[in-house]
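A.B. asks: Contents of coords_29.cif (mmCIF, C-alpha atoms) are below:
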```cif
data_run
loop_
_atom_site.group_PDB
_atom_site.id
_atom_site.type_symbol
_atom_site.label_atom_id
_atom_site.label_comp_id
_atom_site.auth_asym_id
_atom_site.auth_seq_id
_atom_site.Cartn_x
_atom_site.Cartn_y
_atom_site.Cartn_z
ATOM 1 C CA MET A 1336 9.633 -23.978 14.633
ATOM 2 C CA PHE A 1337 7.039 -21.411 13.621
ATOM 3 C CA LYS A 1338 4.319 -21.040 10.977
ATOM 4 C CA GLY A 1339 4.867 -19.141 7.765
ATOM 5 C CA LEU A 1340 3.624 -18.866 4.191
ATOM 6 C CA LEU A 1341 6.391 -20.159 1.944
ATOM 7 C CA ILE A 1342 6.564 -19.727 -1.828
ATOM 8 C CA THR A 1343 8.590 -22.408 -3.609
ATOM 9 C CA GLN A 1344 9.393 -23.124 -7.232
ATOM 10 C CA LYS A 1345 10.066 -26.422 -9.002
ATOM 11 C CA ASP A 1346 10.474 -26.854 -12.751
ATOM 12 C CA LYS A 1347 9.407 -23.195 -13.133
ATOM 13 C CA GLN A 1348 6.098 -23.987 -11.412
ATOM 14 C CA GLN A 1349 5.413 -21.934 -8.321
ATOM 15 C CA SER A 1350 3.358 -22.895 -5.258
ATOM 16 C CA ALA A 1351 2.576 -21.257 -1.916
ATOM 17 C CA GLN A 1352 1.466 -22.895 1.312
ATOM 18 C CA VAL A 1353 1.630 -22.458 5.082
ATOM 19 C CA VAL A 1354 4.392 -24.657 6.513
ATOM 20 C CA ASP A 1355 6.546 -25.099 9.606
ATOM 21 C CA ILE A 1356 9.766 -23.084 9.354
ATOM 22 C CA ASN A 1357 12.902 -23.460 11.455
ATOM 23 C CA GLU A 1358 14.434 -20.274 12.813
ATOM 24 C CA ASP A 1359 17.769 -21.337 11.288
ATOM 25 C CA GLN A 1360 16.210 -20.928 7.817
ATOM 26 C CA LEU A 1361 15.706 -17.180 8.280
ATOM 27 C CA PRO A 1362 17.926 -14.875 6.209
ATOM 28 C CA GLU A 1363 20.565 -12.614 7.687
ATOM 29 C CA GLY A 1364 19.544 -9.596 9.762
ATOM 30 C CA ASP A 1365 20.450 -7.904 13.026
ATOM 31 C CA VAL A 1366 16.886 -7.859 14.418
ATOM 32 C CA LEU A 1367 14.618 -10.832 15.104
ATOM 33 C CA VAL A 1368 10.974 -9.770 15.215
ATOM 34 C CA ASP A 1369 7.987 -11.716 16.519
ATOM 35 C CA VAL A 1370 5.417 -10.776 13.871
ATOM 36 C CA HIS A 1371 1.890 -10.087 15.093
ATOM 37 C CA TYR A 1372 0.216 -8.720 11.966
ATOM 38 C CA SER A 1373 0.976 -8.407 8.272
ATOM 39 C CA THR A 1374 -1.106 -7.470 5.254
ATOM 40 C CA LEU A 1375 -2.061 -8.678 1.799
ATOM 41 C CA ASN A 1376 -1.149 -6.037 -0.779
ATOM 42 C CA TYR A 1377 -1.501 -6.154 -4.564
ATOM 43 C CA LYS A 1378 2.228 -6.874 -4.847
ATOM 44 C CA ASP A 1379 1.855 -9.731 -2.350
ATOM 45 C CA GLY A 1380 -0.975 -11.105 -4.459
ATOM 46 C CA LEU A 1381 1.226 -11.086 -7.550
ATOM 47 C CA ALA A 1382 4.023 -12.805 -5.628
ATOM 48 C CA ILE A 1383 1.807 -15.522 -4.123
ATOM 49 C CA THR A 1384 -0.061 -16.351 -7.333
ATOM 50 C CA GLY A 1385 3.020 -16.070 -9.534
ATOM 51 C CA LYS A 1386 1.158 -13.818 -11.964
ATOM 52 C CA ALA A 1387 4.123 -11.448 -12.098
ATOM 53 C CA PRO A 1388 7.832 -12.049 -11.404
ATOM 54 C CA VAL A 1389 7.800 -10.279 -8.041
ATOM 55 C CA VAL A 1390 9.781 -12.931 -6.149
ATOM 56 C CA ARG A 1391 13.490 -12.664 -6.928
ATOM 57 C CA SER A 1392 14.689 -15.838 -5.181
ATOM 58 C CA PHE A 1393 13.142 -19.028 -3.862
ATOM 59 C CA PRO A 1394 12.023 -20.104 -1.365
ATOM 60 C CA MET A 1395 10.429 -16.843 -0.210
ATOM 61 C CA VAL A 1396 8.138 -15.722 2.591
ATOM 62 C CA PRO A 1397 5.977 -12.947 1.065
ATOM 63 C CA GLY A 1398 4.587 -9.961 2.911
ATOM 64 C CA ILE A 1399 5.874 -6.438 2.251
ATOM 65 C CA ASP A 1400 4.442 -5.158 5.568
ATOM 66 C CA LEU A 1401 4.758 -6.292 9.157
ATOM 67 C CA VAL A 1402 4.382 -5.119 12.726
ATOM 68 C CA GLY A 1403 5.680 -6.948 15.757
ATOM 69 C CA GLN A 1404 7.867 -6.949 18.830
ATOM 70 C CA VAL A 1405 11.631 -7.149 18.892
ATOM 71 C CA ASN A 1406 12.721 -10.575 20.123
ATOM 72 C CA HIS A 1407 16.428 -9.870 19.824
ATOM 73 C CA CYS A 1408 18.556 -7.050 18.389
ATOM 74 C CA ASP A 1409 22.303 -7.225 17.757
ATOM 75 C CA SER A 1410 22.582 -3.428 17.477
ATOM 76 C CA THR A 1411 21.614 -0.603 19.834
ATOM 77 C CA ALA A 1412 18.767 0.481 17.569
ATOM 78 C CA PHE A 1413 16.044 -1.395 19.461
ATOM 79 C CA GLU A 1414 15.514 -3.231 22.710
ATOM 80 C CA GLN A 1415 13.698 -6.488 23.357
ATOM 81 C CA GLY A 1416 9.950 -5.874 23.515
ATOM 82 C CA ASP A 1417 9.964 -2.722 21.353
ATOM 83 C CA TRP A 1418 7.107 -2.480 18.872
ATOM 84 C CA VAL A 1419 8.355 -1.874 15.327
ATOM 85 C CA LEU A 1420 6.904 -1.752 11.840
ATOM 86 C CA LEU A 1421 8.253 -2.218 8.335
ATOM 87 C CA ASN A 1422 7.118 -1.295 4.831
ATOM 88 C CA GLY A 1423 9.055 -2.203 1.691
ATOM 89 C CA PHE A 1424 12.847 -2.416 1.301
ATOM 90 C CA GLY A 1425 12.414 -5.481 -0.912
ATOM 91 C CA VAL A 1426 11.020 -7.534 1.959
ATOM 92 C CA GLY A 1427 8.717 -10.226 0.587
ATOM 93 C CA GLU A 1428 10.532 -9.996 -2.762
ATOM 94 C CA ALA A 1429 14.268 -10.459 -2.129
ATOM 95 C CA HIS A 1430 14.237 -10.922 1.664
ATOM 96 C CA TRP A 1431 11.792 -13.033 3.677
ATOM 97 C CA GLY A 1432 8.800 -10.953 4.719
ATOM 98 C CA GLY A 1433 5.940 -10.546 7.118
ATOM 99 C CA LEU A 1434 3.650 -13.501 6.390
ATOM 100 C CA ALA A 1435 5.345 -15.670 9.007
ATOM 101 C CA GLU A 1436 5.419 -15.640 12.787
ATOM 102 C CA LYS A 1437 9.078 -14.558 12.852
ATOM 103 C CA ALA A 1438 11.183 -12.310 10.629
ATOM 104 C CA LYS A 1439 14.884 -11.473 10.693
ATOM 105 C CA LEU A 1440 15.509 -7.984 9.329
ATOM 106 C CA LYS A 1441 17.939 -5.085 9.149
ATOM 107 C CA SER A 1442 17.380 -2.508 11.880
ATOM 108 C CA ASP A 1443 17.700 0.323 9.313
ATOM 109 C CA TRP A 1444 14.502 -0.905 7.685
ATOM 110 C CA LEU A 1445 12.398 -0.562 10.838
ATOM 111 C CA ILE A 1446 10.753 2.409 12.497
ATOM 112 C CA PRO A 1447 9.161 2.503 15.955
ATOM 113 C CA LEU A 1448 5.413 2.008 16.058
ATOM 114 C CA PRO A 1449 4.040 5.585 16.185
ATOM 115 C CA LYS A 1450 2.207 6.758 19.280
ATOM 116 C CA GLY A 1451 -1.545 6.783 18.793
ATOM 117 C CA ILE A 1452 -1.562 3.735 16.493
ATOM 118 C CA ASP A 1453 -1.819 0.195 17.851
ATOM 119 C CA PRO A 1454 -0.276 -2.820 16.062
ATOM 120 C CA LYS A 1455 -3.503 -3.914 14.416
ATOM 121 C CA GLN A 1456 -4.217 -0.395 13.181
ATOM 122 C CA ALA A 1457 -0.683 -0.081 11.808
ATOM 123 C CA MET A 1458 -1.190 -3.052 9.525
ATOM 124 C CA THR A 1459 -4.684 -1.964 8.590
ATOM 125 C CA ILE A 1460 -2.868 1.067 7.220
ATOM 126 C CA GLY A 1461 0.112 -0.891 5.880
ATOM 127 C CA THR A 1462 1.924 0.078 2.702
ATOM 128 C CA ALA A 1463 -1.380 1.101 1.106
ATOM 129 C CA GLY A 1464 -2.251 3.734 3.692
ATOM 130 C CA TYR A 1465 1.360 4.822 3.998
ATOM 131 C CA THR A 1466 1.583 5.254 0.204
ATOM 132 C CA ALA A 1467 -1.684 7.190 0.209
ATOM 133 C CA MET A 1468 -0.275 9.502 2.875
ATOM 134 C CA LEU A 1469 2.930 10.024 0.877
ATOM 135 C CA SER A 1470 0.744 10.954 -2.107
ATOM 136 C CA VAL A 1471 -1.299 13.439 -0.084
ATOM 137 C CA LEU A 1472 1.878 14.957 1.349
ATOM 138 C CA ALA A 1473 3.202 15.390 -2.195
ATOM 139 C CA LEU A 1474 0.075 17.337 -3.184
ATOM 140 C CA GLU A 1475 0.401 19.509 -0.088
ATOM 141 C CA LYS A 1476 4.097 20.203 -0.642
ATOM 142 C CA GLN A 1477 3.389 21.173 -4.265
ATOM 143 C CA GLY A 1478 0.889 23.756 -3.065
ATOM 144 C CA VAL A 1479 -2.400 21.965 -3.797
ATOM 145 C CA THR A 1480 -4.911 23.069 -1.157
ATOM 146 C CA PRO A 1481 -8.631 22.324 -0.658
ATOM 147 C CA ASP A 1482 -9.331 25.677 -2.347
ATOM 148 C CA SER A 1483 -7.409 24.617 -5.466
ATOM 149 C CA GLY A 1484 -10.248 22.439 -6.756
ATOM 150 C CA GLU A 1485 -11.267 18.820 -7.173
ATOM 151 C CA ILE A 1486 -8.904 15.918 -6.531
ATOM 152 C CA LEU A 1487 -9.268 12.750 -8.602
ATOM 153 C CA VAL A 1488 -8.479 9.380 -7.005
ATOM 154 C CA THR A 1489 -8.257 6.441 -9.406
ATOM 155 C CA GLY A 1490 -8.458 2.788 -8.379
ATOM 156 C CA ALA A 1491 -10.638 4.085 -5.600
ATOM 157 C CA ASN A 1492 -11.805 0.743 -4.203
ATOM 158 C CA GLY A 1493 -8.272 -0.478 -3.558
ATOM 159 C CA GLY A 1494 -6.275 0.008 -0.395
ATOM 160 C CA VAL A 1495 -4.363 3.089 -1.534
ATOM 161 C CA GLY A 1496 -7.452 4.624 -3.096
ATOM 162 C CA SER A 1497 -9.619 4.005 -0.039
ATOM 163 C CA PHE A 1498 -7.131 5.629 2.323
ATOM 164 C CA ALA A 1499 -6.457 8.495 -0.095
ATOM 165 C CA ILE A 1500 -10.162 9.353 -0.183
ATOM 166 C CA ARG A 1501 -10.465 9.252 3.599
ATOM 167 C CA LEU A 1502 -7.338 11.336 4.194
ATOM 168 C CA LEU A 1503 -8.197 13.942 1.564
ATOM 169 C CA HIS A 1504 -11.754 14.256 2.847
ATOM 170 C CA ARG A 1505 -10.513 14.722 6.411
ATOM 171 C CA LEU A 1506 -8.227 17.511 5.195
ATOM 172 C CA GLY A 1507 -11.141 19.295 3.512
ATOM 173 C CA TYR A 1508 -10.573 18.423 -0.155
ATOM 174 C CA ARG A 1509 -13.406 17.636 -2.581
ATOM 175 C CA VAL A 1510 -12.691 14.140 -3.873
ATOM 176 C CA VAL A 1511 -13.889 12.485 -7.069
ATOM 177 C CA ALA A 1512 -13.417 8.700 -7.042
ATOM 178 C CA SER A 1513 -12.898 6.635 -10.191
ATOM 179 C CA THR A 1514 -13.782 2.941 -9.989
ATOM 180 C CA GLY A 1515 -14.710 -0.029 -12.108
ATOM 181 C CA ARG A 1516 -17.100 -1.210 -9.402
ATOM 182 C CA MET A 1517 -19.931 1.292 -9.428
ATOM 183 C CA GLU A 1518 -21.878 -0.975 -7.076
ATOM 184 C CA GLN A 1519 -19.451 0.222 -4.385
ATOM 185 C CA THR A 1520 -20.699 3.807 -4.611
ATOM 186 C CA ASP A 1521 -22.081 3.788 -1.064
ATOM 187 C CA TYR A 1522 -18.733 2.575 0.301
ATOM 188 C CA LEU A 1523 -16.773 5.289 -1.512
ATOM 189 C CA THR A 1524 -19.238 7.948 -0.474
ATOM 190 C CA SER A 1525 -18.915 6.820 3.138
ATOM 191 C CA LEU A 1526 -15.149 7.354 2.887
ATOM 192 C CA GLY A 1527 -15.695 10.928 1.792
ATOM 193 C CA ALA A 1528 -15.937 10.915 -2.015
ATOM 194 C CA SER A 1529 -18.219 13.685 -3.292
ATOM 195 C CA GLU A 1530 -18.682 12.107 -6.708
ATOM 196 C CA ILE A 1531 -18.126 8.644 -8.212
ATOM 197 C CA ILE A 1532 -17.223 8.178 -11.871
ATOM 198 C CA ASP A 1533 -16.860 4.992 -13.914
ATOM 199 C CA ARG A 1534 -13.256 4.148 -14.716
ATOM 200 C CA ALA A 1535 -14.319 3.607 -18.353
ATOM 201 C CA THR A 1536 -14.366 7.392 -18.740
ATOM 202 C CA LEU A 1537 -10.587 7.395 -18.191
ATOM 203 C CA SER A 1538 -9.319 3.964 -19.217
ATOM 204 C CA GLU A 1539 -9.536 4.287 -23.029
ATOM 205 C CA PRO A 1540 -7.201 6.242 -25.319
ATOM 206 C CA GLY A 1541 -7.967 9.967 -25.168
ATOM 207 C CA LYS A 1542 -6.874 13.329 -26.533
ATOM 208 C CA PRO A 1543 -3.485 14.729 -25.487
ATOM 209 C CA LEU A 1544 -5.228 17.745 -23.954
ATOM 210 C CA GLN A 1545 -8.738 17.602 -22.529
ATOM 211 C CA LYS A 1546 -11.027 19.941 -20.615
ATOM 212 C CA GLU A 1547 -9.323 21.145 -17.459
ATOM 213 C CA ARG A 1548 -10.895 19.715 -14.307
ATOM 214 C CA TRP A 1549 -8.518 18.328 -11.667
ATOM 215 C CA ALA A 1550 -6.407 20.427 -9.322
ATOM 216 C CA GLY A 1551 -4.679 17.246 -8.254
ATOM 217 C CA VAL A 1552 -4.708 13.522 -8.948
ATOM 218 C CA ILE A 1553 -3.717 10.463 -6.936
ATOM 219 C CA ASP A 1554 -3.369 7.731 -9.546
ATOM 220 C CA CYS A 1555 -3.082 4.063 -8.587
ATOM 221 C CA VAL A 1556 -3.715 2.691 -12.078
ATOM 222 C CA GLY A 1557 -1.223 3.906 -14.706
ATOM 223 C CA SER A 1558 -1.548 3.416 -18.488
ATOM 224 C CA HIS A 1559 -4.360 5.278 -20.283
ATOM 225 C CA THR A 1560 -5.969 6.271 -16.985
ATOM 226 C CA LEU A 1561 -2.873 8.183 -15.914
ATOM 227 C CA ALA A 1562 -2.493 9.722 -19.381
ATOM 228 C CA ASN A 1563 -6.113 10.949 -19.397
ATOM 229 C CA ALA A 1564 -5.802 12.234 -15.834
ATOM 230 C CA CYS A 1565 -2.790 14.325 -16.848
ATOM 231 C CA ALA A 1566 -4.597 15.546 -19.962
ATOM 232 C CA SER A 1567 -7.512 16.863 -17.885
ATOM 233 C CA THR A 1568 -5.525 18.359 -15.001
ATOM 234 C CA LYS A 1569 -5.843 22.133 -14.596
ATOM 235 C CA TYR A 1570 -3.053 24.580 -15.271
ATOM 236 C CA GLY A 1571 -0.347 24.169 -12.636
ATOM 237 C CA GLY A 1572 -2.016 21.074 -11.213
ATOM 238 C CA VAL A 1573 -0.229 18.086 -9.676
ATOM 239 C CA VAL A 1574 -0.559 14.390 -10.538
ATOM 240 C CA THR A 1575 0.944 11.712 -8.299
ATOM 241 C CA SER A 1576 1.604 8.218 -9.651
ATOM 242 C CA CYS A 1577 1.927 5.227 -7.328
ATOM 243 C CA GLY A 1578 0.369 2.215 -9.069
ATOM 244 C CA LEU A 1579 0.029 0.165 -12.248
ATOM 245 C CA ALA A 1580 -3.227 -1.759 -11.918
ATOM 246 C CA GLN A 1581 -4.070 -1.010 -15.573
ATOM 247 C CA GLY A 1582 -0.499 -1.237 -16.834
ATOM 248 C CA MET A 1583 3.070 0.033 -16.664
ATOM 249 C CA ASP A 1584 2.795 1.932 -19.936
ATOM 250 C CA PHE A 1585 2.187 5.679 -20.127
ATOM 251 C CA PRO A 1586 0.659 6.444 -23.562
ATOM 252 C CA ALA A 1587 0.689 10.221 -23.205
ATOM 253 C CA SER A 1588 2.153 13.338 -24.803
ATOM 254 C CA VAL A 1589 4.179 16.173 -23.327
ATOM 255 C CA ALA A 1590 1.310 18.617 -23.979
ATOM 256 C CA PRO A 1591 -0.057 18.807 -20.380
ATOM 257 C CA PHE A 1592 3.425 19.434 -19.030
ATOM 258 C CA ILE A 1593 4.648 22.085 -21.450
ATOM 259 C CA LEU A 1594 1.334 23.854 -22.170
ATOM 260 C CA ARG A 1595 -0.328 23.715 -18.741
ATOM 261 C CA GLY A 1596 2.641 23.288 -16.418
ATOM 262 C CA VAL A 1597 1.221 20.072 -14.995
ATOM 263 C CA ARG A 1598 3.596 18.353 -12.563
ATOM 264 C CA LEU A 1599 3.837 14.551 -12.443
ATOM 265 C CA ILE A 1600 5.245 13.250 -9.155
ATOM 266 C CA GLY A 1601 6.324 9.640 -8.702
ATOM 267 C CA ILE A 1602 5.534 8.112 -5.314
ATOM 268 C CA ASP A 1603 7.940 5.420 -4.158
ATOM 269 C CA SER A 1604 7.202 3.760 -0.834
ATOM 270 C CA VAL A 1605 9.750 0.937 -1.000
ATOM 271 C CA MET A 1606 13.082 2.727 -0.522
ATOM 272 C CA ARG A 1607 11.785 5.918 1.063
ATOM 273 C CA PRO A 1608 14.189 7.581 3.531
ATOM 274 C CA LYS A 1609 13.429 7.030 7.209
ATOM 275 C CA ALA A 1610 12.601 10.708 7.825
ATOM 276 C CA ASP A 1611 9.855 10.585 5.171
ATOM 277 C CA ARG A 1612 8.472 7.387 6.668
ATOM 278 C CA ILE A 1613 8.298 8.843 10.147
ATOM 279 C CA GLU A 1614 6.630 12.023 8.817
ATOM 280 C CA ALA A 1615 3.993 10.033 6.925
ATOM 281 C CA TRP A 1616 3.217 7.738 9.839
ATOM 282 C CA GLN A 1617 2.992 10.674 12.226
ATOM 283 C CA ARG A 1618 0.436 12.372 9.984
ATOM 284 C CA LEU A 1619 -1.520 9.117 9.716
ATOM 285 C CA SER A 1620 -1.688 8.887 13.506
ATOM 286 C CA GLU A 1621 -3.069 12.433 13.625
ATOM 287 C CA LEU A 1622 -5.637 12.153 10.826
ATOM 288 C CA LEU A 1623 -7.167 8.685 11.247
ATOM 289 C CA THR A 1624 -9.715 7.725 13.888
ATOM 290 C CA ALA A 1625 -10.743 4.348 15.278
ATOM 291 C CA GLN A 1626 -13.779 4.246 12.978
ATOM 292 C CA ASP A 1627 -11.611 4.550 9.860
ATOM 293 C CA TYR A 1628 -9.870 1.235 10.355
ATOM 294 C CA ASP A 1629 -13.008 -0.898 10.504
ATOM 295 C CA ALA A 1630 -14.496 0.875 7.486
ATOM 296 C CA ILE A 1631 -11.518 0.124 5.251
ATOM 297 C CA SER A 1632 -10.233 -3.292 6.345
ATOM 298 C CA THR A 1633 -11.054 -6.986 6.448
ATOM 299 C CA GLU A 1634 -9.151 -9.350 8.769
ATOM 300 C CA ILE A 1635 -8.069 -12.856 7.772
ATOM 301 C CA GLU A 1636 -5.843 -15.611 9.185
ATOM 302 C CA LEU A 1637 -2.554 -16.823 7.725
ATOM 303 C CA ASP A 1638 -4.281 -19.951 6.361
ATOM 304 C CA ASP A 1639 -6.654 -17.742 4.313
ATOM 305 C CA VAL A 1640 -3.965 -15.739 2.520
ATOM 306 C CA VAL A 1641 -3.482 -17.819 -0.650
ATOM 307 C CA GLU A 1642 -7.188 -18.010 -1.464
ATOM 308 C CA THR A 1643 -7.637 -14.303 -0.745
ATOM 309 C CA ALA A 1644 -4.655 -13.430 -2.971
ATOM 310 C CA TYR A 1645 -6.468 -14.813 -6.017
ATOM 311 C CA LYS A 1646 -9.625 -12.894 -5.085
ATOM 312 C CA LEU A 1647 -7.583 -9.717 -4.722
ATOM 313 C CA LEU A 1648 -6.154 -9.997 -8.227
ATOM 314 C CA ASP A 1649 -9.630 -10.747 -9.594
ATOM 315 C CA GLY A 1650 -10.870 -7.445 -8.188
ATOM 316 C CA LYS A 1651 -13.114 -9.121 -5.617
ATOM 317 C CA VAL A 1652 -11.530 -7.563 -2.530
ATOM 318 C CA ARG A 1653 -12.431 -4.111 -1.249
ATOM 319 C CA GLY A 1654 -10.093 -1.916 0.755
ATOM 320 C CA ARG A 1655 -7.360 -3.403 2.943
ATOM 321 C CA VAL A 1656 -6.693 -7.006 3.970
ATOM 322 C CA LEU A 1657 -5.216 -7.366 7.453
ATOM 323 C CA VAL A 1658 -3.508 -10.674 8.211
ATOM 324 C CA LYS A 1659 -3.412 -11.887 11.798
ATOM 325 C CA VAL A 1660 -0.122 -13.799 11.889
ATOM 326 C CA LYS A 1661 0.436 -14.460 15.580
ATOM 327 C CA ASN A 1662 -2.384 -16.071 17.555
ATOM 328 C CA GLN A 1663 -2.524 -14.255 20.855
#
```
Using the file provided, produce a representation of the structure as structure tokens.

C.D. replies:
Amino acid sequence: MFKGLLITQKDKQQSAQVVDINEDQLPEGDVLVDVHYSTLNYKDGLAITGKAPVVRSFPMVPGIDLVGQVNHCDSTAFEQGDWVLLNGFGVGEAHWGGLAEKAKLKSDWLIPLPKGIDPKQAMTIGTAGYTAMLSVLALEKQGVTPDSGEILVTGANGGVGSFAIRLLHRLGYRVVASTGRMEQTDYLTSLGASEIIDRATLSEPGKPLQKERWAGVIDCVGSHTLANACASTKYGGVVTSCGLAQGMDFPASVAPFILRGVRLIGIDSVMRPKADRIEAWQRLSELLTAQDYDAISTEIELDDVVETAYKLLDGKVRGRVLVKVKNQ
């Protein structure tokens, strides 16, 4: 038996609590992992609270991220004791995830823990930091350099936004952070933001074309914010989209794309090919320092996850939430 957070549903009413789970209950997979750390992402919060239909089957162990040691592997991919990490692949939605002391997974979903990053740091990064790195890589590969101009990061206080600011700053970009929590200005400045703007300047309906300002955008919000970001991106600029905190809609026109050559790049972290994952994690290991992890994360225990999930969705959590799953 081992501890895990289990989401159940009865009469269309959902509940989540930490319970004892038998190893025989685990879904199919060729690798059994002893989970040491997981995370609490926005998607996890939606799954745990039931505020969006994230969970596709019940019961479900949430947790789209995990890091741990291989207990047993039926293939030659890994050996017992290897440190591995996972982000996405429907884990925590359609396949039991990381918020339990054990997980049975497919070896194709796992990558080795990169050198230079310890297990705790890996989950401090988690899907949020990994998605931020994918977004930064997209800007780089589309030719956006620090000399190109300002980069806008929306949803700046969240996990993706926080890491995006830090990574961009470390690479020499000038970052403008958009947030609905202006009281967090000192935090965002400490991450490397040169200017903080209120999200209200972007979150309302705007003109199809606006004054050119951004060389690049990392948008975590969607809806009117994404539309306004595109409308104010400079000629030939690049906008990456990775989130929907404001909404899934995109109330925009084609004007920025056909009159200014703006490029809109979608960032998917769930089904990303292994080569892209390894590239992103390698860059993270090179760019982040020990001080970055403490600045961006808060650590909680498995028993604290449900309460923290509600706080996360209420906008009361800053940065990343690291979940210590296995008591050492």

A.B. asks: Find the residue from A:Ala1435, A:Ala1528, A:Leu1647, A:Leu1523 that sits nearest to Arg1505 of chain A; use only C-alpha atoms when measuring.

C.D. replies: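 Nearest to Arg1505 of chain A: A:Ala1528.
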
A.B. asks: Mind telling me what the PyMOL selection byres ((chain A and resi 1632) around 7) catches here, as a PyMOL selection string?

C.D. replies: chain A and resi 1459+1628-1631+1633-1634+1654-1657

A.B. asks: Counting all atoms listed in the file, which of A:Phe1585, A:Tyr1508, A:Trp1444, A:Phe1413 gets nearest to Leu1599 of chain A?

C.D. replies: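 Of A:Phe1585, A:Tyr1508, A:Trp1444, A:Phe1413, the one nearest Leu1599 of chain A, counting all atoms listed in the file, is A:Phe1585.
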
A.B. asks: So the first atom is atom CA of Pro1394 of chain A and the second is atom CA of Asp1443 of chain A; what is the distance between them in Å, to one decimal place?

C.D. replies: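 Separating atom CA of Pro1394 of chain A from atom CA of Asp1443 of chain A is a distance of 23.7 Å.
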
A.B. asks: Expand the PyMOL selection byres ((chain A and resi 1461) around 8) into the individual residues it matches in the shown file, reporting them as a list in words.

C.D. replies: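 Residues picked by the PyMOL selection byres ((chain A and resi 1461) around 8): Ser1373, Thr1374, Asp1400, Leu1401, Asn1422, Ala1457, Met1458, Thr1459, Ile1460, Thr1462, Ala1463, Gly1464 and Tyr1465 of chain A.
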
A.B. asks: Report, in Å to a single decimal, how far apart atom CA of Leu1594 of chain A and atom CA of Pro1543 of chain A are.

C.D. replies: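 Atom-to-atom, atom CA of Pro1543 of chain A and atom CA of Leu1594 of chain A are spaced 10.8 Å apart.
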
A.B. asks: Kindly indicate which residue among A:Arg1598, A:Ala1429, A:Arg1501, A:Ala1590 lies nearest to Gln1626 of chain A, using all atoms listed in the file for the distances.

C.D. replies: A:Arg1501

A.B. asks: Give the answer as one residue: which of A:Gly1425, A:Gly1416, A:Gly1493, A:Gly1572 has the shortest atom-to-atom distance to Lys1441 of chain A, using all atoms listed in the file?

C.D. replies: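 Comparing A:Gly1425, A:Gly1416, A:Gly1493, A:Gly1572 against Lys1441 of chain A, the winner is A:Gly1425.
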
A.B. asks: Just the number, please: distance in Å from atom CA of Val1552 of chain A to atom CA of Ala1564 of chain A, one decimal.

C.D. replies: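 Interatomic distance, atom CA of Val1552 of chain A to atom CA of Ala1564 of chain A: 7.1 Å.
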
A.B. asks: Give as a PDB file with C-alpha atoms, in the coordinates of the input the residues that the PyMOL selection byres ((chain A and resi 1536-1538) around 8) matches when applied to the coordinates above.

C.D. replies:
```pdb
ATOM      1  CA  ILE A1532     -17.223   8.178 -11.871  1.00  0.00           C
ATOM      2  CA  ASP A1533     -16.860   4.992 -13.914  1.00  0.00           C
ATOM      3  CA  ARG A1534     -13.256   4.148 -14.716  1.00  0.00           C
ATOM      4  CA  ALA A1535     -14.319   3.607 -18.353  1.00  0.00           C
ATOM      5  CA  GLU A1539      -9.536   4.287 -23.029  1.00  0.00           C
ATOM      6  CA  PRO A1540      -7.201   6.242 -25.319  1.00  0.00           C
ATOM      7  CA  GLY A1541      -7.967   9.967 -25.168  1.00  0.00           C
ATOM      8  CA  SER A1558      -1.548   3.416 -18.488  1.00  0.00           C
ATOM      9  CA  HIS A1559      -4.360   5.278 -20.283  1.00  0.00           C
ATOM     10  CA  THR A1560      -5.969   6.271 -16.985  1.00  0.00           C
ATOM     11  CA  ASN A1563      -6.113  10.949 -19.397  1.00  0.00           C
ATOM     12  CA  ALA A1564      -5.802  12.234 -15.834  1.00  0.00           C
TER      13      ALA A1564
END
```

A.B. asks: Hey, which of A:Val1605, A:Val1574, A:Ala1512, A:Leu1341 ends up closest to Phe1424 of chain A? Count only C-alpha atoms.

C.D. replies: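 The answer is A:Val1605, which sits nearest to Phe1424 of chain A.
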
A.B. asks: For a quick check of understanding, using all atoms listed in the file, which of A:Val1389, A:Gly1490, A:Leu1445, A:Met1336 has the smallest distance to Met1606 of chain A?

C.D. replies: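 Smallest separation from Met1606 of chain A among the options: A:Leu1445.
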